[in-house]
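Undergrad: Please find one structure pasted underneath; my questions will follow.
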2 protein chains.
Amino acid sequence: MGRVTLQTIADRVGVSRMTVSNAFSRPDQLSPTLRDRILAIADELGYVGPDPAARALARGSTGAVGILLTESLSGAFADEVATTFLGAIADELAPTGLGLTLLSTDTAGGVVPARDVAMDGALVYSCDPESTAVDWLLRRKMPLVFIDQVPADGVPAVNVADRAGARTAAQHLVDLGHRRVGIVTSGVRGRHGMVSPGDMIDGYVGSQRLSGWLDALTPAGVSPAIAREPHGDPESGYQAARLLLSAPEPPTAILCFSDALAQGVVSAAVDAGLSVPEDLSVVGFDDSPAAARMRPPLTTVRQDIHAKGHAAAAALTQAIEAAKAGTPGPAEHLCLPAELIVRASTAPPRA
Amino acid sequence: MGRVTLQTIADRVGVSRMTVSNAFSRPDQLSPTLRDRILAIADELGYVGPDPAARALARGSTGAVGILLTESLSGAFADEVATTFLGAIADELAPTGLGLTLLSTDTAGGVVPARDVAMDGALVYSCDPESTAVDWLLRRKMPLVFIDQVPADGVPAVNVADRAGARTAAQHLVDLGHRRVGIVTSGVRGRHGMVSPGDMIDGYVGSQRLSGWLDALTPAGVSPAIAREPHGDPESGYQAARLLLSAPEPPTAILCFSDALAQGVVSAAVDAGLSVPEDLSVVGFDDSPAAARMRPPLTTVRQDIHAKGHAAAAALTQAIEAAKAGTPGPAEHLCLPAELIVRASTAPPRA
DNA sequence: GCCGTTTACTGTACCGGTATACAAGCTGTA
DNA sequence: TACAGCTTGTATACCGGTACAGTAAACGGC
């Protein structure tokens with residue numbers, strides 16, 4: 001016995017296949033009695049509903065959107081900011097009934113998800129704009145939204161005022177009187193250890209934040225010592241801080257690329273017998289839930305990740321609608337605010 | 001101008017549509033020279049590759065598998081254990097070229113992802129087995145793997161020895177001499193605050209761990225005080241611990257459903273002027289990265305989440321292969337070990 | 001009682017590919 | 001020379017639906 005399709009049911013009920021299709025997809029097109037009869041027989045035959053793949057082909061839309069994440073997916077899942085963002089996206093998408101497909105940039109095996117998976121649109125989150133995966137998405141001309149990426153013409157973008165936020169954070173330290181400032185950052189590619197600004201091959205967010213810090217530090221005559229690790233976990237922050245603190249003239253304050261790194265920095269300071277903020281001020285970035293829980297509570301730059309997710313999801317569904325309707329419309333470039341949250345991990349340097 | 005399809009290219013090159021299809025999907029079926037010519041013209045026409053939706057219909061396989069997660073997806077993303085698991089799954093799937101589609105159980109809007117999204121198989125992670133979403137998946141007769149769920153006949157399952165692990169943890173406390181033991185757990189549904197075992201409507205994992213704890217406590221004549229919160233974050237652990245510690249005869253040790261809750265429990269103890277482990281022993285569950293970083297480092301029950309992800313992904317790809325080949329094969333029920341890791345958060349009670 | 005609407009259903013033509021069997025043109029060899 | 005055995009390319013028949021343009025009958029207004 002073959003598979004049960006609309007035709008099987010149609011034959012059995014004695015109506016046309018189209019009527020059965022309508023029974024499932026457009027209930028208002030047939031009489032309730034007939035519909036009930038069809039549904040009953042379909043159920044009896046073990047029919048589950050129109051085949052999604054066939055429907056996708058016929059309708060021209062699959063019920064899913066993709067999301068392209070940085071490098072290895074597991075890296076993204078280890079990052080609290082990324083997972084929070086994903087959660088926000090998922091929440092926004094749920095009521096629309098869209099599924100969210102994680103696209104790996106891994107192209108091994110000859111399969112390229114960005115090219116080979118059916119979807120109605122995609123989010124591109126903090127990816128290398130030169131990567132082949134992004135290129136495929138662009139070539140498919142599907143509705144896209146860039147998040148935390150260098151904005152591109154014709155593609156809606158959602159970003160955060162990273163540069164302004166970073167500048168405010170650095171200015172805060174300058175205002176407190178710090179003149180020896182360290183920076184702890186991370187990134188897989190490029191040099192590690194003590195680096196100079198030119199050594200950094202970071203994504204858009206990384207370079208924006210660095211620019212912001214320098215925007216405030218340079219006019220104040222401060223040239224920061226920068227320690228850079230491959231990863232962004234607390235352990236890496238610990239290592240980077242040790243490097244900075246072992247210098248002949250150690251910094252009195254450290255700006256971190258993330259709250260996770262800042263956690264490690266604080267631990268390193270404590271282990272080195274320094275107290276925060278008296279001996280060392282520490283500033284994080286993102287205002288993750290952990291930031292407020294730290295002791296001392298961490299001064300950091302807050303970004304509203306849920307708002308970012310909301311905006312991204314909205315922009316995507318809107319782009320999909322527009323594409324379906326044939327009305328491209330202009331690609332909006334959104335920029336969400338970033339706000340300095342002063343808590344207890346920063347103070348003036350010891351006299 | 002319409003869309004570019006295989007036919008467009010075929011007409012332009014002067015070959016049959018099938019040959020163009022082969023140029024993309026089965027390069028060994030035509031001469032390299034012709035293939036190059038076809039590819040060149042396809043590129044010139046802006047053809048991106050075979051349409052995934054059409055290919056899915058014709059081939060009978062989409063390049064994606066689904067994953068059904070507990071309740072709201074954002075809840076899952078806030079849970080470090082779940083995200084680590086997702087990362088592990090994603091990593092396992094990447095080399096196979098399969099995309100991973102997150103299925104929301106949200107059925108609002110008339111769209112049910114579990115029924116309406118095209119996929120080759122699905123993982124069901126810690127879901128209510130009675131939920132309609134799970135039911136749809138079962139009815140679609142698609143290859144499934146149940147993870148952290150009550151195993152079902154005919155469906156491959158991956159579980160952890162939660163009960164045995166919990167028993168070992170509770171036994172550890174009993175052996176140390178504790179006789180007043182508290183339990184901190186969480187779950188959205190059911191009663192909250194101080195509860196008795198019967199009040200808990202928890203998932204499989206929750207009830208397994210509880211059973212394990214009781215397996216060791218009951219024979220020792222210990223009947224634990226149980227505090228239950230809706231959520232599983234540190235803040236909830238804090239609240240639950242306050243409840244337990246404010247009792248007339250507060251516990252000398254607390255067993256927690258997760259490391260995240262344990263973090264809050266430790267904070268609450270510290271804030272109450274108790275030192276861990278001298279005044280209060282605390283045991284977590286999962287051995288998340290944070291457990292070893294806590295101070296004191298947390299005694300906990302370790303489960304290998306990467307192994308779980310690996311096993312689940314392997315079971316699913318295997319089930320998909322089997323289904324494709326028409327060889328159902330028996331559904332294996334795997335159970336991964338759980339191991340007590342004794343660190344510094346447990347000690348004998350004060351004399 | 002006539003005519004314009006609505007309701008309920010059907011027929012046909014796709015959506016954009018892939019599997020499979022088959023035909024034609026070479027090659028090698030007995 | 002004749003025949004088996006590749007290599008290349010083609011023709012046909014689906015995969016399982018949906019859109020859209022009918023058509024026939026029931027409905028309603030005057």
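Going through the structure tokens in order, the chains are called A, B, and so on, while each chain numbers its residues from 1 and the ligands are numbered from 1 in the order shown.
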Report as an MDAnalysis selection string: the residues of stretch 35-278 of chain B with a DSSP assignment of alpha helix (DSSP H), based on the backbone of this structure.
TA: chainID B and resid 35:44 52:59 73:77 80:93 113:116 132:139 162:176 204:217 234:245 259:271
Undergrad: Residues within 7 Å of stretch 335-344 of chain B, please, as number ranges by chain. Count only C-alpha atoms (C1' of nucleotides); anything in the same chain fewer than 6 positions from it doesn't count.
TA: B: 158-162, 165, 168-169, 296-303
Undergrad: Write the residues of the preceding selection, restricted to N, CA and C atoms, as a compact mmCIF listing (two decimals), in the first residue's frame.
TA:
```
# COMPACT_ATOMS: atom_id res chain seq x y z
N VAL B 158 17.52 8.55 24.49
CA VAL B 158 18.80 8.80 25.15
C VAL B 158 18.49 9.42 26.50
N ASN B 159 18.95 8.79 27.53
CA ASN B 159 18.70 9.30 28.88
C ASN B 159 19.97 9.27 29.70
N VAL B 160 19.87 9.87 30.87
CA VAL B 160 21.00 9.88 31.79
C VAL B 160 20.56 9.16 33.05
N ALA B 161 21.49 8.55 33.73
CA ALA B 161 21.16 7.83 34.95
C ALA B 161 20.86 8.82 36.07
N ASP B 162 19.83 9.62 35.86
CA ASP B 162 19.49 10.66 36.82
C ASP B 162 19.19 10.09 38.20
N GLY B 165 22.31 8.81 39.85
CA GLY B 165 23.16 9.93 40.21
C GLY B 165 22.63 10.65 41.44
N THR B 168 23.23 8.65 44.58
CA THR B 168 24.62 8.76 45.04
C THR B 168 24.84 10.08 45.78
N ALA B 169 24.27 11.15 45.22
CA ALA B 169 24.44 12.46 45.83
C ALA B 169 23.82 12.48 47.23
N PRO B 296 32.63 28.10 47.54
CA PRO B 296 33.55 26.99 47.25
C PRO B 296 33.09 26.24 46.00
N PRO B 297 34.05 25.58 45.34
CA PRO B 297 33.67 24.77 44.17
C PRO B 297 32.57 23.79 44.56
N LEU B 298 31.62 23.63 43.66
CA LEU B 298 30.40 22.91 44.00
C LEU B 298 30.49 21.39 43.85
N THR B 299 30.07 20.70 44.88
CA THR B 299 29.87 19.25 44.76
C THR B 299 28.62 19.05 43.92
N THR B 300 28.71 18.21 42.92
CA THR B 300 27.57 18.08 42.01
C THR B 300 27.56 16.72 41.34
N VAL B 301 26.52 16.45 40.57
CA VAL B 301 26.45 15.19 39.83
C VAL B 301 26.71 15.51 38.37
N ARG B 302 27.74 14.91 37.88
CA ARG B 302 28.14 15.23 36.52
C ARG B 302 27.42 14.38 35.49
N GLN B 303 26.91 15.05 34.43
CA GLN B 303 26.42 14.31 33.27
C GLN B 303 27.18 14.86 32.07
```
Undergrad: Considering only C-alpha atoms (C1' of nucleotides), return as a list of chain:residue names whatever protein or nucleic-acid residues lie within 12 Å of C:DC14, sequence-local ones (same chain, fewer than 6 positions apart) excluded.
TA: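 Within the cut-off, the hits are A:Leu57, A:Ala58, A:Arg59, D:DG17, D:DT18, D:DA19, D:DC20.
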Undergrad: Find the residues near D:DT1: any atom within 12 Å, counting only C-alpha atoms (C1' of nucleotides), skip ones fewer than 2 places away on the same chain, and give them as number ranges by chain.
TA: C: 29-30; D: 3
Undergrad: Counting only C-alpha atoms (C1' of nucleotides), which residues in chain D sit no more than 8 Å from chain B? For each one, give the nearest pair of atoms and the distance in Å, sorted by chain then residue number, as a Markdown table.
TA:
```
| residue | atom | partner | partner_atom | distance |
| --- | --- | --- | --- | --- |
| D:DT8 | C1' | B:Leu30 | CA | 5.8 |
| D:DG9 | C1' | B:Thr19 | CA | 6.8 |
| D:DT10 | C1' | B:Ser16 | CA | 6.6 |
| D:DC15 | C1' | B:Ala58 | CA | 4.7 |
| D:DG16 | C1' | B:Leu57 | CA | 7.6 |
```
Undergrad: Show me, as a PyMOL selection string, the residues of chain B whose atoms get within 6 Å of chain A, using only C-alpha atoms for the distance check.
TA: chain B and resi 52-54+57+63+74+77+83+87+94-95+97+99-104+106+108+111+116-118
Undergrad: For N, CA and C atoms, I'd like the residues from the last selection saved as a short mmCIF file (atom, residue, chain, number, x, y, z; two decimals), in the first residue's frame.
TA:
```cif
data_model
loop_
_atom_site.label_atom_id
_atom_site.label_comp_id
_atom_site.auth_asym_id
_atom_site.auth_seq_id
_atom_site.Cartn_x
_atom_site.Cartn_y
_atom_site.Cartn_z
N PRO B 52 15.68 24.25 -3.20
CA PRO B 52 15.61 23.28 -2.10
C PRO B 52 14.23 22.69 -1.91
N ALA B 53 13.20 23.50 -2.06
CA ALA B 53 11.85 23.00 -1.83
C ALA B 53 11.48 21.96 -2.88
N ALA B 54 11.80 22.25 -4.13
CA ALA B 54 11.48 21.32 -5.20
C ALA B 54 12.28 20.04 -5.02
N LEU B 57 10.86 17.82 -2.35
CA LEU B 57 9.69 17.07 -2.79
C LEU B 57 10.09 15.89 -3.67
N GLY B 63 16.97 18.85 3.84
CA GLY B 63 18.26 18.71 4.55
C GLY B 63 18.21 19.19 5.98
N SER B 74 12.45 30.38 24.73
CA SER B 74 13.35 31.28 25.44
C SER B 74 13.68 30.69 26.80
N PHE B 77 16.53 28.53 26.24
CA PHE B 77 17.76 29.25 25.96
C PHE B 77 18.36 29.90 27.19
N THR B 83 21.23 24.77 26.48
CA THR B 83 22.00 25.39 25.40
C THR B 83 23.26 24.60 25.09
N GLY B 87 24.15 23.05 21.53
CA GLY B 87 25.44 23.27 20.87
C GLY B 87 26.06 21.95 20.46
N ALA B 94 26.53 19.40 12.07
CA ALA B 94 27.20 20.24 11.07
C ALA B 94 27.90 19.43 9.99
N PRO B 95 28.74 18.46 10.35
CA PRO B 95 29.44 17.71 9.30
C PRO B 95 28.51 16.92 8.39
N GLY B 97 25.83 18.14 7.28
CA GLY B 97 25.18 19.10 6.40
C GLY B 97 23.71 19.31 6.71
N GLY B 99 20.55 20.86 8.60
CA GLY B 99 20.20 22.03 9.37
C GLY B 99 19.39 21.58 10.58
N LEU B 100 19.34 22.41 11.60
CA LEU B 100 18.59 22.06 12.80
C LEU B 100 17.47 23.08 12.98
N THR B 101 16.24 22.62 12.90
CA THR B 101 15.12 23.54 13.00
C THR B 101 14.49 23.49 14.39
N LEU B 102 14.43 24.64 15.02
CA LEU B 102 13.82 24.72 16.34
C LEU B 102 12.32 24.77 16.17
N LEU B 103 11.63 23.84 16.81
CA LEU B 103 10.18 23.78 16.69
C LEU B 103 9.56 24.34 17.96
N SER B 104 8.74 25.35 17.82
CA SER B 104 8.08 25.83 19.01
C SER B 104 6.83 24.99 19.22
N ASP B 106 4.42 26.23 20.59
CA ASP B 106 3.39 27.24 20.49
C ASP B 106 2.53 26.94 19.26
N ALA B 108 -0.27 28.72 18.49
CA ALA B 108 -1.09 29.87 18.15
C ALA B 108 -0.93 30.21 16.68
N VAL B 111 -0.72 27.59 13.01
CA VAL B 111 0.40 26.86 12.43
C VAL B 111 1.05 26.01 13.52
N ASP B 116 3.77 21.15 10.41
CA ASP B 116 3.83 21.87 9.14
C ASP B 116 5.22 22.17 8.60
N VAL B 117 6.23 21.82 9.35
CA VAL B 117 7.57 22.08 8.84
C VAL B 117 8.16 20.81 8.25
N ALA B 118 8.76 20.96 7.10
CA ALA B 118 9.36 19.80 6.44
C ALA B 118 10.67 19.43 7.11
#
```
Undergrad: Could I get the residues of chain C with an atom no further than 7 Å from an atom of chain B, each paired with its nearest atom pair and that distance in Å to one decimal, using only C-alpha atoms (C1' of nucleotides), sorted by chain and residue number, as JSON lines?
TA:
```
{"residue": "C:DG16", "atom": "C1'", "partner": "B:Ala54", "partner_atom": "CA", "distance": 5.0}
{"residue": "C:DG17", "atom": "C1'", "partner": "B:Ala54", "partner_atom": "CA", "distance": 4.9}
{"residue": "C:DT18", "atom": "C1'", "partner": "B:Ala58", "partner_atom": "CA", "distance": 5.4}
```
Undergrad: Kindly save the residues from that selection, with C-alpha atoms (C1' of nucleotides) included, as a short mmCIF file (atom, residue, chain, number, x, y, z; two decimals), in the first residue's frame.
TA:
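Output below, filename selection-v4.cif:
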```cif
data_model
loop_
_atom_site.label_atom_id
_atom_site.label_comp_id
_atom_site.auth_asym_id
_atom_site.auth_seq_id
_atom_site.Cartn_x
_atom_site.Cartn_y
_atom_site.Cartn_z
"C1'" DG C 16 10.95 22.96 -9.89
"C1'" DG C 17 13.07 19.35 -9.44
"C1'" DT C 18 14.74 13.85 -9.57
#
```
Undergrad: Write out as a ChimeraX atom specification each polymer residue whose atoms come within 12 Å of C:DA21, counting only C-alpha atoms (C1' of nucleotides); drop sequence neighbours fewer than 4 positions from it.
TA: /D:10-13
Undergrad: Tell me, which residues of stretch 35-283 of chain B carry DSSP strand (DSSP E), written as number ranges by chain?
TA: B: 64-69, 99-103, 122-125, 144-147, 157-160, 181-186, 193-195, 225-229, 253-256, 281-283
Undergrad: Give me, please, the distance in Å between atom CA of A:Leu45 and atom CA of B:Asp135, quoted to one decimal.
TA: 16.6 Å
Undergrad: Have a look at atom CA of B:Ala122 and atom CA of B:Gly212 and let me know their distance in Å, one decimal.
TA: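 Taking atom CA of B:Ala122 as the start and atom CA of B:Gly212 as the end point, the length is 29.4 Å.
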Undergrad: What lies within 12 Å of B:Val184 using only C-alpha atoms (C1' of nucleotides), ignoring chain neighbours under 5 positions off, as a PDB file with N, CA and C atoms, in the first residue's frame?
TA:
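This went into around05.pdb:
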```
ATOM      1  N   HIS B 192       4.015  25.596  44.286  1.00  0.00           N
ATOM      2  CA  HIS B 192       5.323  26.169  44.585  1.00  0.00           C
ATOM      3  C   HIS B 192       5.413  26.476  46.068  1.00  0.00           C
ATOM      4  N   GLY B 193       6.615  26.842  46.498  1.00  0.00           N
ATOM      5  CA  GLY B 193       6.822  27.061  47.918  1.00  0.00           C
ATOM      6  C   GLY B 193       7.215  25.736  48.547  1.00  0.00           C
ATOM      7  N   MET B 194       6.823  25.532  49.809  1.00  0.00           N
ATOM      8  CA  MET B 194       7.129  24.268  50.470  1.00  0.00           C
ATOM      9  C   MET B 194       6.119  23.231  49.984  1.00  0.00           C
ATOM     10  N   VAL B 195       6.626  22.172  49.419  1.00  0.00           N
ATOM     11  CA  VAL B 195       5.725  21.165  48.859  1.00  0.00           C
ATOM     12  C   VAL B 195       6.092  19.773  49.372  1.00  0.00           C
ATOM     13  N   SER B 196       5.191  18.855  49.129  1.00  0.00           N
ATOM     14  CA  SER B 196       5.516  17.466  49.435  1.00  0.00           C
ATOM     15  C   SER B 196       5.672  16.741  48.099  1.00  0.00           C
ATOM     16  N   PRO B 197       6.336  15.597  48.110  1.00  0.00           N
ATOM     17  CA  PRO B 197       6.626  14.903  46.851  1.00  0.00           C
ATOM     18  C   PRO B 197       5.402  14.751  45.955  1.00  0.00           C
ATOM     19  N   GLY B 206      12.885  15.421  36.352  1.00  0.00           N
ATOM     20  CA  GLY B 206      12.579  15.886  37.694  1.00  0.00           C
ATOM     21  C   GLY B 206      12.149  14.757  38.602  1.00  0.00           C
ATOM     22  N   ARG B 209      15.080  12.325  39.424  1.00  0.00           N
ATOM     23  CA  ARG B 209      16.044  12.823  40.408  1.00  0.00           C
ATOM     24  C   ARG B 209      15.438  12.779  41.808  1.00  0.00           C
ATOM     25  N   LEU B 210      14.180  13.165  41.885  1.00  0.00           N
ATOM     26  CA  LEU B 210      13.530  13.123  43.193  1.00  0.00           C
ATOM     27  C   LEU B 210      13.518  11.690  43.732  1.00  0.00           C
ATOM     28  N   TRP B 213      16.916  10.775  45.035  1.00  0.00           N
ATOM     29  CA  TRP B 213      17.221  11.357  46.341  1.00  0.00           C
ATOM     30  C   TRP B 213      16.528  10.571  47.451  1.00  0.00           C
ATOM     31  N   PRO B 224      13.007  14.704  53.603  1.00  0.00           N
ATOM     32  CA  PRO B 224      13.497  16.038  53.250  1.00  0.00           C
ATOM     33  C   PRO B 224      12.403  17.088  53.182  1.00  0.00           C
ATOM     34  N   ALA B 225      12.801  18.325  53.453  1.00  0.00           N
ATOM     35  CA  ALA B 225      11.910  19.465  53.216  1.00  0.00           C
ATOM     36  C   ALA B 225      12.146  19.912  51.783  1.00  0.00           C
ATOM     37  N   ILE B 226      11.063  20.079  51.032  1.00  0.00           N
ATOM     38  CA  ILE B 226      11.217  20.408  49.613  1.00  0.00           C
ATOM     39  C   ILE B 226      10.687  21.794  49.306  1.00  0.00           C
ATOM     40  N   ALA B 227      11.540  22.624  48.701  1.00  0.00           N
ATOM     41  CA  ALA B 227      11.097  23.944  48.256  1.00  0.00           C
ATOM     42  C   ALA B 227      11.118  23.954  46.741  1.00  0.00           C
ATOM     43  N   ARG B 228      10.040  24.462  46.162  1.00  0.00           N
ATOM     44  CA  ARG B 228       9.907  24.369  44.705  1.00  0.00           C
ATOM     45  C   ARG B 228       9.549  25.725  44.119  1.00  0.00           C
ATOM     46  N   GLU B 229      10.283  26.119  43.106  1.00  0.00           N
ATOM     47  CA  GLU B 229      10.060  27.413  42.458  1.00  0.00           C
ATOM     48  C   GLU B 229       9.648  27.200  41.007  1.00  0.00           C
ATOM     49  N   PRO B 230       9.008  28.204  40.415  1.00  0.00           N
ATOM     50  CA  PRO B 230       8.618  28.032  39.010  1.00  0.00           C
ATOM     51  C   PRO B 230       9.825  27.897  38.077  1.00  0.00           C
ATOM     52  N   HIS B 231      10.825  28.747  38.317  1.00  0.00           N
ATOM     53  CA  HIS B 231      11.942  28.744  37.377  1.00  0.00           C
ATOM     54  C   HIS B 231      13.209  28.141  37.968  1.00  0.00           C
ATOM     55  N   GLY B 232      14.204  27.989  37.123  1.00  0.00           N
ATOM     56  CA  GLY B 232      15.402  27.288  37.554  1.00  0.00           C
ATOM     57  C   GLY B 232      16.643  28.151  37.614  1.00  0.00           C
ATOM     58  N   ASP B 233      16.455  29.450  37.705  1.00  0.00           N
ATOM     59  CA  ASP B 233      17.615  30.340  37.728  1.00  0.00           C
ATOM     60  C   ASP B 233      18.137  30.533  39.151  1.00  0.00           C
ATOM     61  N   PRO B 234      19.325  31.110  39.287  1.00  0.00           N
ATOM     62  CA  PRO B 234      19.908  31.310  40.619  1.00  0.00           C
ATOM     63  C   PRO B 234      18.987  32.092  41.554  1.00  0.00           C
ATOM     64  N   SER B 236      15.831  32.069  41.761  1.00  0.00           N
ATOM     65  CA  SER B 236      14.832  31.159  42.318  1.00  0.00           C
ATOM     66  C   SER B 236      15.447  30.294  43.403  1.00  0.00           C
ATOM     67  N   GLY B 237      16.678  29.868  43.168  1.00  0.00           N
ATOM     68  CA  GLY B 237      17.376  29.065  44.169  1.00  0.00           C
ATOM     69  C   GLY B 237      17.530  29.847  45.465  1.00  0.00           C
ATOM     70  N   TYR B 238      17.793  31.124  45.285  1.00  0.00           N
ATOM     71  CA  TYR B 238      17.957  32.007  46.437  1.00  0.00           C
ATOM     72  C   TYR B 238      16.671  32.033  47.264  1.00  0.00           C
ATOM     73  N   GLN B 239      15.562  32.249  46.595  1.00  0.00           N
ATOM     74  CA  GLN B 239      14.271  32.309  47.277  1.00  0.00           C
ATOM     75  C   GLN B 239      13.953  30.991  47.976  1.00  0.00           C
ATOM     76  N   ALA B 240      14.171  29.911  47.260  1.00  0.00           N
ATOM     77  CA  ALA B 240      13.849  28.603  47.826  1.00  0.00           C
ATOM     78  C   ALA B 240      14.694  28.340  49.069  1.00  0.00           C
ATOM     79  N   ALA B 241      15.961  28.707  48.994  1.00  0.00           N
ATOM     80  CA  ALA B 241      16.856  28.469  50.128  1.00  0.00           C
ATOM     81  C   ALA B 241      16.417  29.295  51.331  1.00  0.00           C
ATOM     82  N   ARG B 242      16.009  30.529  51.087  1.00  0.00           N
ATOM     83  CA  ARG B 242      15.532  31.357  52.196  1.00  0.00           C
ATOM     84  C   ARG B 242      14.371  30.690  52.907  1.00  0.00           C
ATOM     85  N   LEU B 243      13.521  30.113  52.101  1.00  0.00           N
ATOM     86  CA  LEU B 243      12.358  29.422  52.652  1.00  0.00           C
ATOM     87  C   LEU B 243      12.815  28.270  53.555  1.00  0.00           C
ATOM     88  N   LEU B 244      13.715  27.470  53.036  1.00  0.00           N
ATOM     89  CA  LEU B 244      14.184  26.305  53.780  1.00  0.00           C
ATOM     90  C   LEU B 244      14.934  26.716  55.039  1.00  0.00           C
ATOM     91  N   LEU B 245      15.776  27.761  54.914  1.00  0.00           N
ATOM     92  CA  LEU B 245      16.640  28.141  56.027  1.00  0.00           C
ATOM     93  C   LEU B 245      15.888  28.877  57.125  1.00  0.00           C
ATOM     94  N   PRO B 251      17.667  22.858  57.468  1.00  0.00           N
ATOM     95  CA  PRO B 251      18.509  21.747  57.013  1.00  0.00           C
ATOM     96  C   PRO B 251      19.992  22.065  57.181  1.00  0.00           C
ATOM     97  N   ALA B 253      21.962  20.458  55.059  1.00  0.00           N
ATOM     98  CA  ALA B 253      22.433  20.187  53.702  1.00  0.00           C
ATOM     99  C   ALA B 253      21.272  20.352  52.733  1.00  0.00           C
ATOM    100  N   ILE B 254      21.591  20.808  51.525  1.00  0.00           N
ATOM    101  CA  ILE B 254      20.548  20.995  50.512  1.00  0.00           C
ATOM    102  C   ILE B 254      20.957  20.346  49.194  1.00  0.00           C
ATOM    103  N   LEU B 255      20.039  19.564  48.660  1.00  0.00           N
ATOM    104  CA  LEU B 255      20.224  18.954  47.347  1.00  0.00           C
ATOM    105  C   LEU B 255      19.494  19.806  46.323  1.00  0.00           C
ATOM    106  N   CYS B 256      20.161  20.153  45.229  1.00  0.00           N
ATOM    107  CA  CYS B 256      19.522  21.014  44.243  1.00  0.00           C
ATOM    108  C   CYS B 256      19.321  20.288  42.925  1.00  0.00           C
ATOM    109  N   PHE B 257      18.260  20.697  42.244  1.00  0.00           N
ATOM    110  CA  PHE B 257      17.934  20.087  40.956  1.00  0.00           C
ATOM    111  C   PHE B 257      18.947  20.476  39.876  1.00  0.00           C
ATOM    112  N   SER B 258      19.602  21.608  40.081  1.00  0.00           N
ATOM    113  CA  SER B 258      20.574  22.045  39.075  1.00  0.00           C
ATOM    114  C   SER B 258      21.662  22.889  39.731  1.00  0.00           C
ATOM    115  N   ASP B 259      22.751  23.074  39.008  1.00  0.00           N
ATOM    116  CA  ASP B 259      23.829  23.922  39.507  1.00  0.00           C
ATOM    117  C   ASP B 259      23.394  25.375  39.581  1.00  0.00           C
ATOM    118  N   ALA B 260      22.520  25.757  38.652  1.00  0.00           N
ATOM    119  CA  ALA B 260      22.056  27.142  38.647  1.00  0.00           C
ATOM    120  C   ALA B 260      21.300  27.447  39.934  1.00  0.00           C
ATOM    121  N   LEU B 261      20.416  26.546  40.331  1.00  0.00           N
ATOM    122  CA  LEU B 261      19.708  26.729  41.594  1.00  0.00           C
ATOM    123  C   LEU B 261      20.697  26.731  42.756  1.00  0.00           C
ATOM    124  N   ALA B 262      21.682  25.845  42.669  1.00  0.00           N
ATOM    125  CA  ALA B 262      22.663  25.740  43.744  1.00  0.00           C
ATOM    126  C   ALA B 262      23.408  27.056  43.954  1.00  0.00           C
ATOM    127  N   GLN B 263      23.673  27.751  42.864  1.00  0.00           N
ATOM    128  CA  GLN B 263      24.335  29.049  42.992  1.00  0.00           C
ATOM    129  C   GLN B 263      23.532  29.973  43.887  1.00  0.00           C
ATOM    130  N   GLY B 264      22.239  30.018  43.647  1.00  0.00           N
ATOM    131  CA  GLY B 264      21.384  30.873  44.448  1.00  0.00           C
ATOM    132  C   GLY B 264      21.325  30.413  45.894  1.00  0.00           C
ATOM    133  N   VAL B 265      21.341  29.102  46.078  1.00  0.00           N
ATOM    134  CA  VAL B 265      21.290  28.553  47.430  1.00  0.00           C
ATOM    135  C   VAL B 265      22.528  28.989  48.220  1.00  0.00           C
ATOM    136  N   VAL B 266      23.682  28.912  47.566  1.00  0.00           N
ATOM    137  CA  VAL B 266      24.911  29.314  48.242  1.00  0.00           C
ATOM    138  C   VAL B 266      24.856  30.802  48.593  1.00  0.00           C
ATOM    139  N   VAL B 282      25.982  21.974  50.215  1.00  0.00           N
ATOM    140  CA  VAL B 282      25.132  22.176  49.038  1.00  0.00           C
ATOM    141  C   VAL B 282      25.608  21.246  47.920  1.00  0.00           C
ATOM    142  N   VAL B 283      24.645  20.562  47.307  1.00  0.00           N
ATOM    143  CA  VAL B 283      24.966  19.695  46.173  1.00  0.00           C
ATOM    144  C   VAL B 283      24.157  20.135  44.963  1.00  0.00           C
ATOM    145  N   GLY B 284      24.832  20.270  43.845  1.00  0.00           N
ATOM    146  CA  GLY B 284      24.150  20.680  42.613  1.00  0.00           C
ATOM    147  C   GLY B 284      23.820  19.484  41.744  1.00  0.00           C
ATOM    148  N   PHE B 285      23.569  19.776  40.491  1.00  0.00           N
ATOM    149  CA  PHE B 285      23.319  18.710  39.520  1.00  0.00           C
ATOM    150  C   PHE B 285      23.682  19.228  38.135  1.00  0.00           C
TER     151      PHE B 285
END
```
Undergrad: Give me, please, the distance in Å between atom CA of A:Glu332 and atom CA of A:Val150, quoted to one decimal.
TA: 13.3 Å
